[in-house]
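Data file: protein34.txt. Format and content: compact mmCIF, C-alpha atoms.
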# COMPACT_ATOMS: atom_id res chain seq x y z
CA MET A 12 6.92 23.82 40.84
CA ASN A 13 8.91 26.57 39.21
CA ILE A 14 9.36 27.49 35.56
CA LYS A 15 12.34 29.69 34.74
CA LEU A 16 12.17 31.82 31.62
CA ASP A 17 15.67 32.53 30.39
CA THR A 18 17.44 33.56 27.21
CA GLU A 19 16.42 30.32 25.51
CA SER A 20 12.69 30.86 26.04
CA SER A 21 11.01 31.57 22.74
CA LEU A 22 7.91 30.83 20.70
CA THR A 23 6.54 31.53 17.26
CA LEU A 24 3.18 33.02 16.37
CA ASP A 25 2.84 30.83 13.29
CA ASP A 26 4.94 28.68 10.98
CA THR A 27 6.31 31.60 9.01
CA ASN A 28 6.82 34.34 11.58
CA GLU A 29 10.17 34.91 13.21
CA PRO A 30 10.40 33.66 16.80
CA LEU A 31 9.68 35.85 19.78
CA GLU A 32 12.55 35.85 22.22
CA SER A 33 12.91 37.23 25.70
CA THR A 34 15.88 37.74 27.98
CA ASN A 35 13.83 38.40 31.09
CA VAL A 36 13.33 35.96 33.93
CA ALA A 37 9.98 35.14 35.50
CA GLN A 38 8.72 32.66 38.05
CA VAL A 39 5.57 30.61 37.59
CA LEU A 40 4.67 28.46 40.57
CA ALA A 41 1.83 26.02 41.25
CA LEU A 42 1.09 26.04 44.98
CA THR A 43 -1.02 23.20 46.40
CA PHE A 44 -2.64 23.80 49.77
CA ARG A 45 -1.19 21.52 52.39
CA ASP A 46 -4.54 20.88 54.06
CA SER A 47 -5.97 19.76 50.74
CA LEU A 48 -3.54 16.85 50.33
CA PRO A 49 -5.27 13.48 50.79
CA GLU A 50 -3.24 12.48 53.85
CA ALA A 51 -3.67 15.84 55.59
CA SER A 52 -7.29 15.56 56.69
CA ALA A 53 -10.36 13.39 56.50
CA ASP A 54 -12.03 16.42 54.96
CA PRO A 55 -9.47 17.40 52.28
CA TYR A 56 -11.29 20.58 51.28
CA ALA A 57 -11.57 22.19 54.68
CA GLY A 58 -8.33 24.11 54.30
CA CYS A 59 -9.17 25.47 50.86
CA VAL A 60 -11.75 27.97 51.93
CA SER A 61 -12.16 31.06 54.05
CA PRO A 62 -13.93 30.43 57.39
CA GLU A 63 -16.95 32.54 56.42
CA HIS A 64 -17.48 30.31 53.39
CA GLN A 65 -16.98 26.92 55.05
CA SER A 66 -20.61 25.92 54.52
CA ALA A 67 -20.49 26.65 50.80
CA TYR A 68 -18.68 23.44 49.93
CA HIS A 69 -21.10 21.12 51.74
CA ASP A 70 -24.19 19.56 50.21
CA ASP A 71 -27.42 21.46 50.69
CA ASP A 72 -28.77 18.71 52.94
CA GLY A 73 -25.77 19.01 55.23
CA GLY A 74 -24.74 15.48 54.48
CA GLY A 75 -21.06 16.20 54.22
CA PRO A 76 -18.55 17.46 51.71
CA ASN A 77 -19.41 17.54 48.06
CA PRO A 78 -17.73 14.43 46.62
CA THR A 79 -16.85 16.23 43.38
CA PRO A 80 -13.09 16.95 43.28
CA VAL A 81 -12.34 20.64 43.64
CA THR A 82 -9.42 22.94 42.99
CA ARG A 83 -6.83 22.68 45.73
CA GLY A 84 -4.23 25.28 44.88
CA ILE A 85 -3.26 28.40 42.99
CA ILE A 86 -0.77 29.42 40.32
CA VAL A 87 1.35 32.49 41.01
CA SER A 88 3.67 34.28 38.59
CA ASN A 89 6.16 37.02 39.31
CA THR A 90 8.24 39.07 36.89
CA HIS A 91 10.14 42.28 36.20
CA LEU A 92 9.62 43.34 32.59
CA PHE A 93 12.21 45.31 30.61
CA TRP A 94 12.57 48.83 31.98
CA GLN A 95 13.33 51.00 28.93
CA PRO A 96 10.31 53.31 28.32
CA SER A 97 10.42 52.92 24.53
CA ALA A 98 10.51 49.10 24.68
CA SER A 99 6.76 48.44 24.77
CA PHE A 100 7.01 45.78 22.07
CA GLU A 101 9.67 43.90 24.03
CA ARG A 102 7.48 43.98 27.15
CA LEU A 103 4.52 42.63 25.16
CA GLN A 104 6.72 39.79 23.89
CA GLN A 105 7.93 39.07 27.41
CA GLN A 106 4.44 39.01 28.89
CA PHE A 107 3.13 36.80 26.08
CA ILE A 108 5.90 34.26 26.78
CA ILE A 109 4.98 34.37 30.47
CA GLU A 110 1.31 33.84 29.59
CA ARG A 111 2.25 30.76 27.58
CA ALA A 112 4.21 29.41 30.54
CA ILE A 113 1.19 30.01 32.78
CA MET A 114 -1.05 28.14 30.33
CA GLU A 115 1.36 25.22 30.34
CA MET A 116 1.16 25.19 34.12
CA GLN A 117 -2.65 25.39 34.03
CA ALA A 118 -2.77 22.36 31.76
CA ARG A 119 -0.94 20.38 34.43
CA TYR A 120 -2.89 21.81 37.38
CA LEU A 121 -6.45 22.01 36.11
CA GLY A 122 -8.67 24.59 37.74
CA TYR A 123 -5.97 26.40 39.71
CA PRO A 124 -6.74 30.14 39.71
CA VAL A 125 -3.92 32.44 38.60
CA ILE A 126 -2.43 35.48 40.33
CA LYS A 127 0.18 37.52 38.43
CA CYS A 128 2.44 39.94 40.29
CA GLY A 129 5.40 42.11 39.49
CA ASP A 130 6.94 45.27 38.15
CA PHE A 131 5.54 45.33 34.63
CA ASN A 132 7.13 48.70 33.77
CA THR A 133 3.77 49.53 32.22
CA THR A 134 1.48 52.42 33.10
CA PRO A 135 -2.32 52.00 33.14
CA ASP A 136 -2.69 53.94 29.88
CA ASP A 137 -0.20 51.71 28.03
CA ALA A 138 -1.24 49.15 25.43
CA LEU A 139 -0.03 46.18 27.49
CA TYR A 140 -2.23 47.12 30.47
CA SER A 141 -5.26 47.34 28.17
CA LEU A 142 -4.47 43.96 26.64
CA MET A 143 -4.06 42.39 30.08
CA THR A 144 -7.25 43.78 31.63
CA LYS A 145 -9.92 44.71 29.07
CA PRO A 146 -12.60 42.42 27.59
CA ARG A 147 -11.90 41.07 24.12
CA PRO A 148 -11.66 42.44 21.52
CA VAL A 149 -9.48 45.29 22.82
CA GLU A 150 -9.51 48.39 20.64
CA LEU A 151 -6.12 50.07 20.92
CA ASN A 152 -5.90 53.74 19.99
CA GLU A 153 -3.39 55.14 17.53
CA TRP A 154 -1.02 56.27 20.27
CA GLN A 155 -0.99 52.79 21.84
CA LEU A 156 -0.35 51.10 18.48
CA ASN A 157 2.51 53.48 17.70
CA GLN A 158 3.86 52.83 21.19
CA LEU A 159 4.12 49.12 20.37
CA LEU A 160 6.30 49.58 17.30
CA PRO A 161 9.69 47.94 17.92
CA CYS A 162 12.75 50.10 18.49
CA HIS A 163 15.66 49.59 16.11
CA TYR A 164 19.30 50.39 16.69
CA ASP A 165 20.70 50.72 13.18
CA ASP A 166 24.28 49.51 13.01
CA SER A 167 24.61 50.15 9.27
CA SER A 168 27.14 52.67 8.00
CA ASP A 169 24.72 54.63 5.80
CA SER A 170 24.13 57.46 8.23
CA GLU A 171 27.79 57.59 9.18
CA HIS A 172 28.80 57.59 5.52
CA LEU A 173 26.35 60.40 4.81
CA SER A 174 27.74 62.39 7.70
CA ASP A 175 31.29 61.78 6.46
CA GLN A 176 30.36 63.10 3.05
CA GLU A 177 28.85 66.21 4.56
CA ASP A 178 31.98 66.81 6.59
CA THR A 179 34.16 66.20 3.51
CA ALA A 180 32.14 68.62 1.43
CA ASP A 181 32.30 71.26 4.13
CA LYS A 182 36.05 70.85 4.36
CA GLY A 183 36.55 71.12 0.60
CA GLY A 184 37.46 67.45 0.09
CA ASN A 185 35.78 64.98 -2.28
CA GLU A 186 33.83 61.84 -1.29
CA CYS A 187 37.04 59.79 -1.16
CA GLY A 188 38.70 62.21 1.22
CA ASP A 189 41.14 63.53 -1.37
CA LYS A 190 42.03 67.16 -1.36
CA GLN A 191 39.90 69.02 -3.87
CA THR A 192 41.40 71.58 -6.24
CA GLN A 193 40.03 75.04 -5.51
CA PRO A 194 37.70 76.01 -8.42
CA ASP A 195 38.78 78.71 -10.81
CA ASN A 196 36.42 81.62 -10.23
CA ASN A 197 37.12 82.84 -13.76
CA ASN A 198 36.08 79.53 -15.34
CA ASN A 199 32.32 79.65 -15.81
CA ASN A 200 32.18 75.99 -16.93
CA ASN A 201 33.60 74.78 -13.63
CA ASN A 202 32.01 77.39 -11.42
CA ASN A 203 28.41 77.24 -12.60
CA GLY A 204 27.21 79.82 -10.12
CA GLY A 205 29.52 78.70 -7.32
CA ASP A 206 28.88 74.91 -7.45
CA SER A 207 31.62 72.69 -8.82
CA ASP A 208 30.97 69.39 -10.60
CA ASP A 209 32.24 67.51 -7.54
CA SER A 210 29.96 69.47 -5.22
CA ARG A 211 26.92 68.73 -7.38
CA THR A 212 27.90 65.05 -7.47
CA ILE A 213 28.05 64.92 -3.69
CA LYS A 214 24.67 66.59 -3.38
CA ARG A 215 23.12 64.16 -5.85
CA LYS A 216 24.55 61.17 -4.00
CA LYS A 217 23.33 62.55 -0.71
CA LEU A 218 19.80 62.84 -2.13
CA GLU A 219 19.97 59.32 -3.50
CA MET A 220 21.16 58.03 -0.14
CA LEU A 221 18.37 59.86 1.68
CA GLU A 222 15.80 58.37 -0.70
CA HIS A 223 17.26 54.92 -0.11
CA MET A 224 17.12 55.40 3.65
CA GLU A 225 13.51 56.61 3.41
CA GLN A 226 12.55 53.51 1.42
CA ARG A 227 14.23 51.30 4.00
CA LEU A 228 12.38 53.03 6.82
CA GLU A 229 9.04 52.69 5.05
CA GLU A 230 9.64 48.98 4.49
CA GLN A 231 10.72 48.50 8.10
CA LEU A 232 7.60 50.32 9.29
CA ARG A 233 5.44 48.04 7.16
CA LEU A 234 7.09 44.92 8.58
CA ASP A 235 6.92 46.24 12.14
CA THR A 236 3.24 47.12 11.78
CA GLN A 237 2.51 43.57 10.61
CA LYS A 238 4.54 42.12 13.48
CA VAL A 239 2.68 44.22 16.04
CA ALA A 240 -0.70 43.28 14.55
CA LYS A 241 0.15 39.55 14.71
CA LEU A 242 1.36 39.72 18.28
CA VAL A 243 -1.63 41.77 19.45
CA GLU A 244 -4.04 39.35 17.75
CA ALA A 245 -2.27 36.34 19.27
CA TYR A 246 -2.29 37.90 22.72
CA GLN A 247 -6.01 38.66 22.51
CA THR A 248 -7.03 35.25 21.23
CA LYS A 249 -4.76 33.10 23.41
CA THR A 250 -5.08 34.89 26.78
CA THR A 251 -7.92 36.02 29.03
CA PRO A 252 -8.28 39.40 30.76
CA PHE A 253 -7.33 39.83 34.41
CA ALA A 254 -8.31 42.41 37.02
CA SER A 255 -5.85 44.51 38.96
CA ALA A 256 -6.28 44.30 42.73
CA TYR A 257 -5.62 48.05 42.99
CA SER A 258 -7.81 49.05 40.03
CA THR A 259 -10.31 50.91 42.24
CA TYR A 260 -7.83 52.23 44.80
CA ALA A 261 -8.06 55.83 43.59
CA GLN A 262 -11.82 55.75 44.15
CA LEU A 263 -11.22 54.98 47.81
CA VAL A 264 -8.22 57.28 48.32
CA PRO A 265 -8.71 60.52 46.34
CA GLU A 266 -5.11 61.56 47.04
CA TYR A 267 -4.05 58.82 44.65
CA LYS A 268 -6.36 59.84 41.80
CA ALA A 269 -4.42 60.28 38.55
CA ASP A 270 -5.15 62.61 35.65
CA LYS A 271 -4.09 60.13 32.96
CA TRP A 272 -6.03 57.05 34.09
CA ASP A 273 -8.94 55.97 36.26
CA GLY A 274 -8.95 53.64 39.23
CA GLU A 275 -5.30 52.69 39.53
CA PRO A 276 -3.22 54.72 42.01
CA LYS A 277 -1.28 57.70 40.73
CA TYR A 278 2.06 56.07 41.45
CA THR A 279 3.77 52.98 42.77
CA ASN A 280 7.18 54.37 41.76
CA TYR A 281 8.19 57.67 43.35
CA THR A 282 11.53 59.02 42.15
CA GLY A 283 12.41 61.73 39.64
CA TRP A 284 9.77 59.98 37.52
CA LYS A 285 6.51 59.19 39.27
CA GLY A 286 3.92 56.74 38.02
CA THR A 287 2.31 53.32 38.39
CA LEU A 288 4.28 50.30 37.18
CA ASP A 289 3.47 47.54 39.70
CA TYR A 290 0.39 45.34 39.88
CA ILE A 291 -1.28 42.29 41.36
CA PHE A 292 -3.50 40.75 38.66
CA VAL A 293 -6.16 38.15 39.38
CA GLN A 294 -8.47 36.17 37.12
CA LYS A 295 -11.93 37.61 37.05
CA GLU A 296 -15.52 36.63 36.49
CA GLN A 297 -16.85 40.11 37.15
CA PHE A 298 -14.74 43.21 37.12
CA ALA A 299 -16.80 44.96 39.78
CA PHE A 300 -19.86 44.50 41.98
CA THR A 301 -21.46 46.08 45.04
CA ASP A 302 -20.00 44.86 48.30
CA LYS A 303 -22.83 44.52 50.82
CA ALA A 304 -20.44 45.01 53.73
CA THR A 305 -19.17 48.41 52.60
CA GLY A 306 -21.76 49.53 50.06
CA LEU A 307 -18.95 50.52 47.71
CA ASP A 308 -19.40 49.90 44.02
CA GLY A 309 -16.36 48.36 42.38
CA TRP A 310 -14.77 46.95 45.53
CA PRO A 311 -13.83 44.25 46.22
CA ILE A 312 -13.23 42.49 42.92
CA LYS A 313 -14.66 39.00 42.50
CA ILE A 314 -12.92 36.44 40.31
CA THR A 315 -13.76 32.88 39.39
CA ASP A 316 -11.96 30.01 37.77
CA GLY A 317 -13.68 26.64 37.74
CA ARG A 318 -15.11 25.75 41.13
CA LEU A 319 -12.71 27.72 43.29
CA LYS A 320 -13.66 31.35 43.67
CA ALA A 321 -11.47 34.15 44.88
CA ARG A 322 -12.31 37.57 46.21
CA VAL A 323 -9.95 40.48 46.70
CA ARG A 324 -10.99 41.43 50.18
CA GLN A 325 -8.35 43.97 51.21
CA VAL A 326 -5.31 45.76 49.87
CA LEU A 327 -2.43 47.37 51.67
CA SER A 328 -2.74 51.15 51.95
CA LEU A 329 -0.11 53.11 50.08
CA PRO A 330 1.99 55.75 51.86
CA SER A 331 1.07 59.40 51.59
CA THR A 332 3.00 61.80 49.40
CA ASP A 333 4.52 63.44 52.47
CA GLU A 334 5.93 60.11 53.61
CA MET A 335 7.64 59.58 50.26
CA GLU A 336 9.26 63.00 49.96
CA PRO A 337 11.81 63.97 48.80
CA GLY A 338 11.69 60.72 46.85
CA LEU A 339 12.21 56.99 47.18
CA PRO A 340 14.18 55.36 48.57
CA ASN A 341 14.29 57.41 51.76
CA LYS A 342 14.76 56.80 55.48
CA SER A 343 11.33 55.18 55.77
CA PHE A 344 11.26 53.11 52.56
CA SER A 345 14.20 51.14 51.24
CA SER A 346 12.97 50.80 47.65
CA ASP A 347 12.05 53.26 44.91
CA HIS A 348 8.79 51.29 44.55
CA VAL A 349 6.07 51.08 47.18
CA SER A 350 4.89 47.69 48.43
CA LEU A 351 1.65 46.17 47.14
CA MET A 352 -0.22 43.54 49.10
CA ALA A 353 -3.69 42.04 48.77
CA ARG A 354 -5.77 39.69 50.88
CA ILE A 355 -7.47 37.30 48.47
CA ASP A 356 -10.10 35.02 49.97
CA LEU A 357 -10.56 31.63 48.32
CA PHE A 358 -13.72 29.60 48.73
CA TYR A 359 -15.41 26.68 47.04
CA SER A 360 -18.78 27.10 45.36
CA LYS A 361 -20.92 24.86 43.19
CA THR A 362 -21.94 27.76 40.96
What is this file in structure tokens?
Amino acid sequence: MNIKLDTESSLTLDDTNEPLESTNVAQVLALTFRDSLPEASADPYAGCVSPEHQSAYHDDDGGGPNPTPVTRGIIVSNTHLFWQPSASFERLQQQFIIERAIMEMQARYLGYPVIKCGDFNTTPDDALYSLMTKPRPVELNEWQLNQLLPCHYDDSSDSEHLSDQEDTADKGGNECGDKQTQPDNNNNNNNNGGDSDDSRTIKRKKLEMLEHMEQRLEEQLRLDTQKVAKLVEAYQTKTTPFASAYSTYAQLVPEYKADKWDGEPKYTNYTGWKGTLDYIFVQKEQFAFTDKATGLDGWPIKITDGRLKARVRQVLSLPSTDEMEPGLPNKSFSSDHVSLMARIDLFYSKT
């Protein structure tokens, strides 16, 4: 199944708030394993699990498959959030709409684990990444909250009108564009130290206009701050945190260690601007544990939803810096983003 999010996709946070709207497109798909369909096998759960975990879904006495119905598929979403760096609020709106679509899909396919992929145009130190990955409640810092304030493109004529007045005053004309009579330097009443009555009037109106603009900006900031607070609260209360499959990659490959964030690779986008924007997110029970096979803390990541468990077993290695010079795309890589890939093992467990 596929859900398309288009220009008509919208939702409201409450009965009084203006609707959230998105113009991005995402895919949300529920994938049912073929071997788990009733007609596919006498043992419908055999194809759901990794070979090393085949015994986990049998009764302890070895008497056959557990008769309790189990999850037989996964939900996968894919998106490309809005690219403009200053549009953090828009990206949060977009992701929240996607989350709601995922929840609608989960209601129809109970117990299906979720994997979210895409170019989120979000770095690991951004507010959206924190909201998507950290335990609730998420405490955003002042920089992250300011980052979420919506951008406004003012199409009013106030600033243009103010600029026109300044130009008119500089050119010796009045506010209506009429030619101004040159002041009589011998007339002290009109001169008043070099400022004419018309000049003082223009200055007064400019100050009044600036005060009006400042009041408008303060009111807009107040409304925007409320809007951000509502959306952040809704996102935290209506969604659950996920883990990034590459969130410990920099621990394993020191070359990819970043100064601004921990764990995630330094970059997945390597052009004039270099940074991490792409992720594979999986639902999680534990963010990190010790893998007995490798002895590494924090890898792989174990996630659980219902009775089907998933484990990020492997990820695709990222190319070295030398391979990406002088920048992407190049003769070796056809995209300006590197490819991410993860092996996620699924297995059934009673616990």
Env of Gln237 of chain A: 12 Å cut, atoms = all atoms listed in the file, seq-sep filter 2 positions within chain, self excluded. Answer as a ChimeraX atom specification. /A:28-29,156,159-161,230-235,239-244
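With distances restricted to only C-alpha atoms, A:Leu92 is the closest residue to Thr34 of chain A from A:Ala254, A:Ile113, A:Leu329, A:Leu92.
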Can you work out the spacing between atom CA of Thr282 of chain A and atom CA of Leu351 of chain A in Å, to one decimal? 17.0 Å
Excluding Ala98 of chain A and residues on its chain fewer than 3 positions from it, collect all residues at most 12 Å away from it, counting all atoms listed in the file, and give them as a compact mmCIF listing (two decimals) with C-alpha atoms, keeping the file's coordinate frame.
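And here's part-v9.txt as it stands now:
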# COMPACT_ATOMS: atom_id res chain seq x y z
CA LEU A 92 9.62 43.34 32.59
CA PHE A 93 12.21 45.31 30.61
CA TRP A 94 12.57 48.83 31.98
CA GLN A 95 13.33 51.00 28.93
CA GLU A 101 9.67 43.90 24.03
CA ARG A 102 7.48 43.98 27.15
CA LEU A 103 4.52 42.63 25.16
CA GLN A 104 6.72 39.79 23.89
CA GLN A 105 7.93 39.07 27.41
CA PHE A 131 5.54 45.33 34.63
CA ASN A 132 7.13 48.70 33.77
CA THR A 133 3.77 49.53 32.22
CA ASP A 137 -0.20 51.71 28.03
CA ALA A 138 -1.24 49.15 25.43
CA LEU A 139 -0.03 46.18 27.49
CA ASN A 157 2.51 53.48 17.70
CA GLN A 158 3.86 52.83 21.19
CA LEU A 159 4.12 49.12 20.37
CA LEU A 160 6.30 49.58 17.30
CA PRO A 161 9.69 47.94 17.92
CA CYS A 162 12.75 50.10 18.49
CA HIS A 163 15.66 49.59 16.11
CA TYR A 164 19.30 50.39 16.69
Distance in Å - atom CA of Gly338 of chain A versus atom CA of Ser97 of chain A: 23.7 Å
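Among the candidate residues A:Ala353, A:Met143, A:Val39, A:Ala321, the one lying nearest to Pro124 of chain A is A:Ala321, with distances computed using all atoms listed in the file.
For the set A:Ile213, A:Ile86, A:Leu142, A:Val149, the residue with the smallest atom-to-atom gap to Arg119 of chain A is A:Ile86, counting only C-alpha atoms.
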Between atom CA of Tyr246 of chain A and atom CA of Lys268 of chain A, what is the distance, to one decimal in Å? 29.4 Å
Name the closest residue to Phe358 of chain A among the candidates A:Lys342, A:Val323, A:Pro330, A:Ile109; distances are taken between atoms, counting only C-alpha atoms. A:Val323
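With only C-alpha atoms as the atoms that count, the residue of A:Ser33, A:Thr259, A:Ser207, A:Ser88 with the shortest distance to Phe292 of chain A is A:Ser88.
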Given the choices A:Ile291, A:Leu40, A:Leu31, A:Val87, which gets closest to Phe100 of chain A if the distance is worked out from only C-alpha atoms? A:Leu31
Put the listed atoms of segment 328-344 of chain A in a box along x, y and z with 8 Å added on every side and give me the centre and edge lengths in Å to one decimal, as AutoDock Vina command-line options.
--center_x 6.0 --center_y 57.6 --center_z 51.3 --size_x 33.5 --size_y 28.8 --size_z 24.9
